[in-house]
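Chemist: Got upload.pdb for you, PDB, C-alpha atoms:
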ATOM      1  CA  MET Q   1     147.977 184.056 -65.953
ATOM      2  CA  GLN Q   2     146.319 181.582 -68.314
ATOM      3  CA  LEU Q   3     143.148 182.252 -70.289
ATOM      4  CA  GLY Q   4     140.228 179.997 -69.460
ATOM      5  CA  ILE Q   5     140.450 180.146 -65.653
ATOM      6  CA  LYS Q   6     136.922 179.604 -64.344
ATOM      7  CA  GLY Q   7     135.177 180.531 -61.114
ATOM      8  CA  GLU Q   8     131.815 179.962 -59.486
ATOM      9  CA  THR Q   9     129.861 181.424 -56.575
ATOM     10  CA  LYS Q  10     126.424 180.389 -55.315
ATOM     11  CA  VAL Q  11     123.880 182.139 -53.107
ATOM     12  CA  MET Q  12     120.319 181.494 -51.972
ATOM     13  CA  VAL Q  13     117.844 184.276 -52.665
ATOM     14  CA  ASN Q  14     116.430 185.495 -49.355
ATOM     15  CA  ALA Q  15     114.933 188.638 -47.856
ATOM     16  CA  SER Q  16     118.375 190.250 -47.382
ATOM     17  CA  ASN Q  17     119.473 190.115 -51.035
ATOM     18  CA  THR Q  18     116.291 191.192 -52.799
ATOM     19  CA  ALA Q  19     115.925 194.376 -54.818
ATOM     20  CA  GLU Q  20     113.586 195.656 -52.131
ATOM     21  CA  ALA Q  21     116.144 195.090 -49.324
ATOM     22  CA  MET Q  22     119.113 196.420 -51.294
ATOM     23  CA  LYS Q  23     117.284 199.577 -52.399
ATOM     24  CA  SER Q  24     117.630 198.763 -56.101
ATOM     25  CA  GLY Q  25     113.920 198.281 -56.669
ATOM     26  CA  LEU Q  26     110.624 197.707 -54.939
ATOM     27  CA  LEU Q  27     110.094 193.975 -55.473
ATOM     28  CA  PRO Q  28     111.128 190.926 -53.437
ATOM     29  CA  VAL Q  29     113.254 189.394 -56.236
ATOM     30  CA  PHE Q  30     117.026 188.811 -56.506
ATOM     31  CA  ALA Q  31     118.728 192.203 -56.676
ATOM     32  CA  THR Q  32     120.855 193.219 -59.629
ATOM     33  CA  PRO Q  33     123.607 194.565 -57.305
ATOM     34  CA  MET Q  34     123.758 191.148 -55.649
ATOM     35  CA  MET Q  35     124.003 189.422 -59.016
ATOM     36  CA  VAL Q  36     126.908 191.705 -59.894
ATOM     37  CA  ALA Q  37     128.526 191.012 -56.508
ATOM     38  CA  ILE Q  38     128.514 187.251 -56.951
ATOM     39  CA  MET Q  39     129.812 187.604 -60.513
ATOM     40  CA  GLU Q  40     132.706 189.691 -59.173
ATOM     41  CA  ASP Q  41     133.272 187.191 -56.369
ATOM     42  CA  ALA Q  42     133.500 184.292 -58.809
ATOM     43  CA  ALA Q  43     136.040 186.183 -60.929
ATOM     44  CA  ALA Q  44     138.155 187.415 -58.011
ATOM     45  CA  LYS Q  45     138.366 184.038 -56.305
ATOM     46  CA  SER Q  46     139.176 182.230 -59.559
ATOM     47  CA  VAL Q  47     142.426 184.101 -60.176
ATOM     48  CA  GLN Q  48     143.602 184.697 -56.594
ATOM     49  CA  PRO Q  49     145.560 181.390 -56.413
ATOM     50  CA  HIS Q  50     147.470 182.430 -59.561
ATOM     51  CA  LEU Q  51     148.754 185.736 -58.150
ATOM     52  CA  LYS Q  52     152.027 186.486 -56.396
ATOM     53  CA  GLU Q  53     152.106 186.863 -52.618
ATOM     54  CA  GLY Q  54     150.799 190.289 -51.621
ATOM     55  CA  GLN Q  55     148.779 190.715 -54.800
ATOM     56  CA  THR Q  56     145.031 190.715 -55.249
ATOM     57  CA  THR Q  57     142.596 192.108 -57.795
ATOM     58  CA  VAL Q  58     140.121 194.953 -57.703
ATOM     59  CA  GLY Q  59     137.034 195.328 -59.841
ATOM     60  CA  THR Q  60     137.118 198.271 -62.241
ATOM     61  CA  LEU Q  61     134.322 197.660 -64.743
ATOM     62  CA  VAL Q  62     131.080 195.708 -64.875
ATOM     63  CA  SER Q  63     128.771 195.620 -67.878
ATOM     64  CA  VAL Q  64     125.959 193.131 -67.415
ATOM     65  CA  LYS Q  65     122.343 192.552 -68.360
ATOM     66  CA  HIS Q  66     119.916 191.205 -65.763
ATOM     67  CA  LEU Q  67     117.659 189.125 -67.986
ATOM     68  CA  SER Q  68     115.216 187.386 -65.666
ATOM     69  CA  ALA Q  69     113.872 187.784 -62.125
ATOM     70  CA  THR Q  70     114.523 185.154 -59.447
ATOM     71  CA  PRO Q  71     112.185 184.714 -56.447
ATOM     72  CA  GLU Q  72     113.173 184.088 -52.839
ATOM     73  CA  GLY Q  73     114.014 180.480 -52.077
ATOM     74  CA  MET Q  74     115.898 179.758 -55.307
ATOM     75  CA  GLU Q  75     119.654 179.300 -55.634
ATOM     76  CA  VAL Q  76     121.616 181.573 -57.966
ATOM     77  CA  ARG Q  77     124.975 180.513 -59.382
ATOM     78  CA  ALA Q  78     127.458 182.925 -60.958
ATOM     79  CA  GLU Q  79     130.187 181.741 -63.306
ATOM     80  CA  SER Q  80     133.242 183.566 -64.590
ATOM     81  CA  GLU Q  81     135.803 182.758 -67.260
ATOM     82  CA  LEU Q  82     139.020 184.682 -67.859
ATOM     83  CA  VAL Q  83     138.961 185.647 -71.538
ATOM     84  CA  GLU Q  84     141.618 188.364 -71.829
ATOM     85  CA  VAL Q  85     144.860 189.266 -70.060
ATOM     86  CA  ASP Q  86     146.464 192.612 -70.866
ATOM     87  CA  ASN Q  87     149.375 193.111 -68.469
ATOM     88  CA  ARG Q  88     147.598 193.739 -65.124
ATOM     89  CA  ARG Q  89     144.099 194.022 -66.671
ATOM     90  CA  LEU Q  90     141.958 190.885 -66.582
ATOM     91  CA  VAL Q  91     138.680 190.555 -68.502
ATOM     92  CA  PHE Q  92     136.058 187.939 -67.663
ATOM     93  CA  ASP Q  93     132.893 186.682 -69.286
ATOM     94  CA  VAL Q  94     130.336 186.394 -66.484
ATOM     95  CA  ARG Q  95     126.969 184.661 -66.333
ATOM     96  CA  ALA Q  96     124.389 183.986 -63.643
ATOM     97  CA  TYR Q  97     121.795 181.210 -63.520
ATOM     98  CA  ASP Q  98     118.899 180.321 -61.292
ATOM     99  CA  GLU Q  99     117.252 176.912 -61.163
ATOM    100  CA  LYS Q 100     115.318 177.708 -64.378
ATOM    101  CA  GLY Q 101     118.192 179.009 -66.520
ATOM    102  CA  LEU Q 102     120.244 182.048 -67.484
ATOM    103  CA  ILE Q 103     119.343 185.230 -65.580
ATOM    104  CA  GLY Q 104     122.289 187.502 -66.362
ATOM    105  CA  GLU Q 105     125.393 187.875 -68.514
ATOM    106  CA  GLY Q 106     128.111 190.307 -69.417
ATOM    107  CA  LYS Q 107     131.734 191.361 -68.976
ATOM    108  CA  HIS Q 108     133.759 192.142 -65.870
ATOM    109  CA  GLU Q 109     137.199 193.734 -65.651
ATOM    110  CA  ARG Q 110     139.649 193.486 -62.750
ATOM    111  CA  PHE Q 111     143.170 194.841 -62.221
ATOM    112  CA  ILE Q 112     145.996 193.086 -60.425
ATOM    113  CA  ILE Q 113     147.300 195.295 -57.629
ATOM    114  CA  ASP Q 114     149.744 195.165 -54.747
ATOM    115  CA  ALA Q 115     147.401 195.057 -51.740
ATOM    116  CA  GLU Q 116     149.600 197.019 -49.318
ATOM    117  CA  ARG Q 117     150.404 199.813 -51.780
ATOM    118  CA  PHE Q 118     146.734 200.043 -52.693
ATOM    119  CA  MET Q 119     145.707 200.358 -49.051
ATOM    120  CA  GLU Q 120     148.451 202.942 -48.348
ATOM    121  CA  LYS Q 121     147.040 205.119 -51.145
ATOM    122  CA  THR Q 122     143.521 204.591 -49.838
ATOM    123  CA  ARG Q 123     144.464 205.491 -46.240
ATOM    124  CA  ALA Q 124     146.234 208.619 -47.511
ATOM    125  CA  LYS Q 125     142.837 209.978 -48.544
ATOM    126  CA  THR Q 126     141.960 210.439 -44.870
ATOM    127  CA  GLU Q 127     145.072 212.509 -44.133
ATOM    128  CA  LYS Q 128     144.812 216.282 -44.198
TER
END
So that I can check it, write out the structure of this file as structure tokens.
Modeler:
Amino acid sequence: MQLGIKGETKVMVNASNTAEAMKSGLLPVFATPMMVAIMEDAAAKSVQPHLKEGQTTVGTLVSVKHLSATPEGMEVRAESELVEVDNRRLVFDVRAYDEKGLIGEGKHERFIIDAERFMEKTRAKTEK
């Protein structure tokens, strides 16, 4: 896995992804949980082509600041850049922008996992 891998995800702000709709606030502005979700999406998709068959990544840590509100009708773009690789741990710088500039930034960590083993462990939680 090479440092510098970049990813991007875009979304339009609408009634379904506002703070009000997502229960993270009372206002009709782009929700922080949605900003985090598109940052994670950009990171996950950026490294997926570089993994072995049967592998994927899971998010384990997000530390971001939501710096500016974005109203409905604007596009938000999240960017990620892989800045650290420590065995299976991947660390990304993440940023989000609306049409007027930077709205969020921080760090995101993902781990490379074997998808089937991960799901076997998860399904085992339902067994008694």
Chemist: Taking only C-alpha atoms into account, name the residue in Q:Gln48, Q:Thr9, Q:Ser68, Q:Thr126 that is nearest to Phe30 of chain Q.
Modeler: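 Between Q:Gln48, Q:Thr9, Q:Ser68, Q:Thr126, the residue approaching Phe30 of chain Q most closely is Q:Ser68.
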Chemist: Run through the PyMOL selection byres ((chain Q and resi 50-64) around 6) on the given coordinates and return the selected residues as an NGL selection string.
Modeler: :Q and (47-49 or 65 or 105-115)
Chemist: Identify all residues satisfying the PyMOL selection byres ((chain Q and resi 4-6) around 7) in the given file; provide them as a ChimeraX atom specification.
Modeler: /Q:2-3,7,46,80-83
Chemist: Between Q:Glu84, Q:Glu79, Q:Glu20, Q:Glu8, which one has atoms that come closest to Ala96 of chain Q, using only C-alpha atoms?
Modeler: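 Checking each candidate against Ala96 of chain Q, we get Q:Glu79 as the closest.
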Chemist: Given all atoms listed in the file, how would the per-residue table for segment 44-119 of chain Q near segment 11-15 of chain Q read, listing every residue at most 10 Å away with its closest atom pair and distance in Å to one decimal, sorted by chain and number, as a tab-separated table?
Modeler:
residue	atom	partner	partner_atom	distance
Q:Thr70	CA	Q:Val13	CA	7.6
Q:Pro71	CA	Q:Val13	CA	6.8
Q:Glu72	CA	Q:Val13	CA	4.7
Q:Gly73	CA	Q:Val13	CA	5.4
Q:Met74	CA	Q:Val13	CA	5.6
Q:Glu75	CA	Q:Met12	CA	4.3
Q:Val76	CA	Q:Val11	CA	5.4
Q:Arg77	CA	Q:Val11	CA	6.6
Q:Ala78	CA	Q:Val11	CA	8.7
Q:Asp98	CA	Q:Met12	CA	9.5
Chemist: Tell me, in Å to one decimal, how far atom CA of Phe118 of chain Q is from atom CA of Ala42 of chain Q.
Modeler: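 We find that atom CA of Phe118 of chain Q and atom CA of Ala42 of chain Q lie 21.5 Å from each other.
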Chemist: Once you count all atoms listed in the file, what closest atom pair and distance in Å to one decimal does each residue of segment 11-56 of chain Q within 9 Å of segment 90-95 of chain Q have, with rows by chain and rising residue number, as CSV?
Modeler:
residue,atom,partner,partner_atom,distance
Q:Met39,CA,Q:Val94,CA,6.1
Q:Glu40,CA,Q:Val94,CA,8.4
Q:Ala42,CA,Q:Val94,CA,8.6
Q:Ala43,CA,Q:Phe92,CA,7.0
Chemist: Please measure the separation of atom CA of Ile38 of chain Q and atom CA of Lys10 of chain Q, giving the value in Å to one decimal.
Modeler: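 Atom-to-atom, atom CA of Ile38 of chain Q to atom CA of Lys10 of chain Q, that is 7.4 Å.
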Chemist: Mind giving me the straight-line distance from atom CA of Ser16 of chain Q to atom CA of Ile103 of chain Q in Å, one decimal?
Modeler: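 These atoms are spaced 18.9 Å apart.
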Chemist: Tell me which protein, DNA and RNA residues are within 9 Å of Thr32 of chain Q, counting only C-alpha atoms, leaving out same-chain ones fewer than 2 positions away, and put them as a list in words.
Modeler: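 Those residues are Thr18, Ala19, Ser24, Phe30, Met34, Met35, Val36, Ala37, Lys65, His66 and Gly104 of chain Q.
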